[in-house]
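upload.txt (compact mmCIF, C-alpha atoms) appears below.
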```
# COMPACT_ATOMS: atom_id res chain seq x y z
CA MET A 1174 52.93 -2.39 10.23
CA ASP A 1175 52.12 -1.08 6.77
CA TRP A 1176 48.86 0.88 7.26
CA ALA A 1177 48.38 1.39 3.54
CA ALA A 1178 48.25 -2.38 3.02
CA VAL A 1179 45.77 -2.77 5.90
CA VAL A 1180 43.52 -0.09 4.40
CA ARG A 1181 43.71 -1.78 0.97
CA VAL A 1182 42.78 -5.18 2.45
CA ILE A 1183 39.87 -3.69 4.42
CA GLY A 1184 38.74 -1.81 1.30
CA PHE A 1185 38.94 -4.98 -0.78
CA LEU A 1186 36.93 -6.91 1.86
CA MET A 1187 34.28 -4.15 1.95
CA ILE A 1188 33.95 -4.21 -1.86
CA LEU A 1189 33.67 -8.00 -1.80
CA LEU A 1190 31.02 -7.85 0.97
CA TYR A 1191 29.11 -5.18 -0.96
CA LEU A 1192 29.11 -7.30 -4.12
CA LEU A 1193 28.06 -10.44 -2.25
CA CYS A 1194 25.20 -8.64 -0.53
CA GLY A 1195 23.96 -7.29 -3.85
CA ILE A 1196 24.22 -10.52 -5.83
CA ASP A 1197 20.50 -11.27 -5.45
CA ASP A 1198 19.61 -7.83 -6.83
CA THR A 1199 21.99 -8.40 -9.73
CA ILE A 1200 20.40 -11.77 -10.52
CA TRP A 1201 16.89 -10.22 -10.55
CA PHE A 1202 18.10 -7.34 -12.70
CA ILE A 1203 19.58 -9.75 -15.25
CA PHE A 1204 16.39 -11.85 -15.20
CA ALA A 1205 14.18 -8.78 -15.76
CA PHE A 1206 16.47 -7.48 -18.49
CA ILE A 1207 16.47 -10.78 -20.40
CA SER A 1208 12.70 -11.18 -19.96
CA GLY A 1209 12.18 -7.70 -21.36
CA LEU A 1210 14.33 -8.53 -24.37
CA LEU A 1211 12.43 -11.76 -25.00
CA ARG A 1212 9.04 -10.03 -24.77
CA GLY A 1213 10.13 -7.27 -27.13
CA LYS A 1214 7.24 -5.42 -28.78
CA LYS A 1215 4.61 -7.37 -26.88
CA ARG A 1216 5.55 -5.38 -23.79
CA GLU A 1217 5.07 -2.05 -25.55
CA THR A 1218 1.47 -2.83 -26.45
CA GLN A 1219 0.62 -4.03 -22.93
CA ASP A 1220 1.80 -0.77 -21.37
CA ASN A 1221 -0.61 1.35 -23.43
CA LEU A 1222 -3.85 1.54 -21.49
CA ASP A 1223 -7.05 2.40 -23.32
CA PHE A 1224 -8.83 4.74 -20.90
CA GLU A 1225 -12.06 4.77 -22.93
CA LYS A 1226 -12.25 0.99 -22.69
CA LEU A 1227 -11.51 1.24 -18.98
CA ARG A 1228 -14.26 3.85 -18.46
CA ASN A 1229 -16.78 1.68 -20.31
CA THR A 1230 -16.03 -1.35 -18.15
CA PRO A 1231 -18.77 -1.79 -15.53
CA PRO A 1232 -17.44 -0.96 -12.05
CA LYS A 1233 -17.19 -3.67 -9.42
CA MET A 1234 -17.66 -3.30 -5.68
CA LEU A 1235 -14.42 -2.35 -3.90
CA ALA A 1236 -13.22 -2.11 -0.31
CA VAL A 1237 -10.49 0.41 0.54
CA SER A 1238 -8.70 0.28 3.88
CA ILE A 1239 -6.74 2.88 5.81
CA ALA A 1240 -4.90 2.35 9.09
CA ALA A 1241 -4.97 5.32 11.49
CA TRP A 1242 -3.37 5.97 14.89
CA HIS A 1243 -3.43 9.45 16.46
CA GLU A 1244 -4.39 11.05 13.16
CA SER A 1245 -7.43 13.03 14.24
CA ASN A 1246 -5.96 16.25 12.86
CA VAL A 1247 -5.56 14.87 9.29
CA ILE A 1248 -7.77 11.80 8.82
CA GLY A 1249 -10.88 13.82 7.95
CA ASN A 1250 -9.00 15.64 5.18
CA VAL A 1251 -7.42 12.39 3.95
CA ILE A 1252 -10.81 10.68 3.66
CA THR A 1253 -12.55 13.69 2.12
CA ASN A 1254 -9.76 14.19 -0.39
CA PHE A 1255 -9.86 10.51 -1.32
CA LEU A 1256 -13.63 10.56 -1.78
CA ASN A 1257 -13.61 13.80 -3.78
CA THR A 1258 -10.75 12.87 -6.11
CA THR A 1259 -11.41 9.17 -6.75
CA ASP A 1260 -12.80 8.64 -10.24
CA TYR A 1261 -15.06 5.73 -9.31
CA PRO A 1262 -18.78 5.65 -8.45
CA LYS A 1263 -19.14 6.30 -4.71
CA SER A 1264 -21.87 3.69 -4.48
CA MET A 1265 -19.42 1.04 -5.67
CA TYR A 1266 -16.86 1.21 -2.88
CA HIS A 1267 -16.62 1.39 0.89
CA LEU A 1268 -13.80 2.99 2.81
CA PHE A 1269 -12.86 1.17 6.04
CA VAL A 1270 -10.64 3.10 8.45
CA GLY A 1271 -8.91 1.04 11.13
CA VAL A 1272 -8.78 2.96 14.42
CA TYR A 1273 -7.99 2.04 18.02
CA PRO A 1274 -10.25 2.03 21.07
CA ASN A 1275 -7.74 4.17 23.01
CA ASP A 1276 -7.74 6.88 20.31
CA PRO A 1277 -11.17 8.53 20.71
CA GLU A 1278 -10.20 11.68 18.78
CA THR A 1279 -9.44 9.74 15.60
CA ILE A 1280 -12.60 7.64 16.04
CA ALA A 1281 -14.63 10.85 16.36
CA ALA A 1282 -13.01 12.35 13.26
CA VAL A 1283 -13.78 9.26 11.16
CA GLU A 1284 -17.34 9.06 12.47
CA GLU A 1285 -17.84 12.74 11.65
CA VAL A 1286 -16.92 12.10 8.01
CA SER A 1287 -19.10 8.96 7.95
CA LYS A 1288 -22.14 11.15 8.75
CA VAL A 1289 -21.61 12.90 5.41
CA PHE A 1290 -20.42 9.86 3.45
CA PRO A 1291 -22.29 6.63 4.30
CA ASN A 1292 -19.65 4.51 2.55
CA VAL A 1293 -17.05 5.44 5.22
CA HIS A 1294 -16.77 3.08 8.18
CA ALA A 1295 -14.69 3.34 11.36
CA VAL A 1296 -13.37 -0.11 12.27
CA ILE A 1297 -12.37 -0.12 15.93
CA ASN A 1298 -9.48 -2.47 16.54
CA CYS A 1299 -9.77 -5.32 19.03
CA LYS A 1300 -6.44 -4.24 20.59
CA GLU A 1301 -5.29 -1.03 22.20
CA GLY A 1302 -3.06 1.03 19.96
CA PRO A 1303 -0.60 1.31 18.64
CA THR A 1304 -0.01 -2.06 17.06
CA THR A 1305 1.68 -2.80 13.77
CA LYS A 1306 0.05 -1.52 10.61
CA ALA A 1307 -0.27 -5.15 9.49
CA GLN A 1308 -2.28 -6.05 12.60
CA ASN A 1309 -4.53 -3.05 12.07
CA ILE A 1310 -5.14 -3.83 8.39
CA ASN A 1311 -5.66 -7.54 9.12
CA HIS A 1312 -8.35 -6.61 11.66
CA VAL A 1313 -9.94 -4.30 9.07
CA ILE A 1314 -9.93 -7.13 6.50
CA ARG A 1315 -11.70 -9.43 8.98
CA GLN A 1316 -14.33 -6.74 9.50
CA ILE A 1317 -14.72 -6.26 5.74
CA ARG A 1318 -15.47 -9.98 5.44
CA GLU A 1319 -18.11 -9.63 8.16
CA PHE A 1320 -19.53 -6.60 6.35
CA GLU A 1321 -19.79 -8.64 3.14
CA LYS A 1322 -21.75 -11.37 4.94
CA GLY A 1323 -24.27 -9.09 6.51
```
Take the structure in the file and give it back as structure tokens.
Amino acid sequence: MDWAAVVRVIGFLMILLYLLCGIDDTIWFIFAFISGLLRGKKRETQDNLDFEKLRNTPPKMLAVSIAAWHESNVIGNVITNFLNTTDYPKSMYHLFVGVYPNDPETIAAVEEVSKVFPNVHAVINCKEGPTTKAQNINHVIRQIREFEKG
């Protein structure tokens, strides 16, 4: 048996498999490249953001969500840092933190911050943790909708 030929065939098959698996990425790359060429200078002007115009736009009410599981040692700093560094009126957004009923330390940490910042809300999940981040955020979104109603 010629091992060099076997290695070449396996190498060729691996290259072919690699190219076939990446064909979708290649198609999207070509599409994006052609679209960029067709847009030309229009794209350049869209990328330049006028911060003065943005600052003069009246703010709208926002909801921000965070999913947390066993993060009692950092969640207070995360929330405080977010609130202190966000360039948006604090009265125009609420921060909803999804926590789990079987994680009392994280609940306590979020509630401690909410005593200082009334726009911070601990949203206790309907399921014991951990679940997926998607389940946690979906529960938070349902609670945000309830918050909007009431």
All residues 12 Å or closer to Val1272 of chain A, all atoms listed in the file, same chain fewer than 5 positions away omitted, as a PyMOL selection string: chain A and resi 1238-1245+1248+1277-1284+1294-1306+1308-1310+1312-1313
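We find atom CA of Thr1259 of chain A and atom CA of Ile1317 of chain A to be spaced 20.1 Å apart.
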For each of A:Ala1236, A:Asp1198, A:Ile1252, A:Ser1264, take the minimum atom-to-atom distance to Arg1315 of chain A, counting all atoms listed in the file, then give the residue where this is smallest. A:Ala1236
What is the atom CA of Asp1197 of chain A-atom CA of Leu1211 of chain A distance in Å, reported with one decimal?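 We find that atom CA of Asp1197 of chain A and atom CA of Leu1211 of chain A lie 21.2 Å from each other.
Of the listed residues A:Phe1206, A:Tyr1191, A:Phe1185, A:Phe1320, the one whose atoms come nearest to Asn1292 of chain A is A:Phe1320, with distances taken using only C-alpha atoms.
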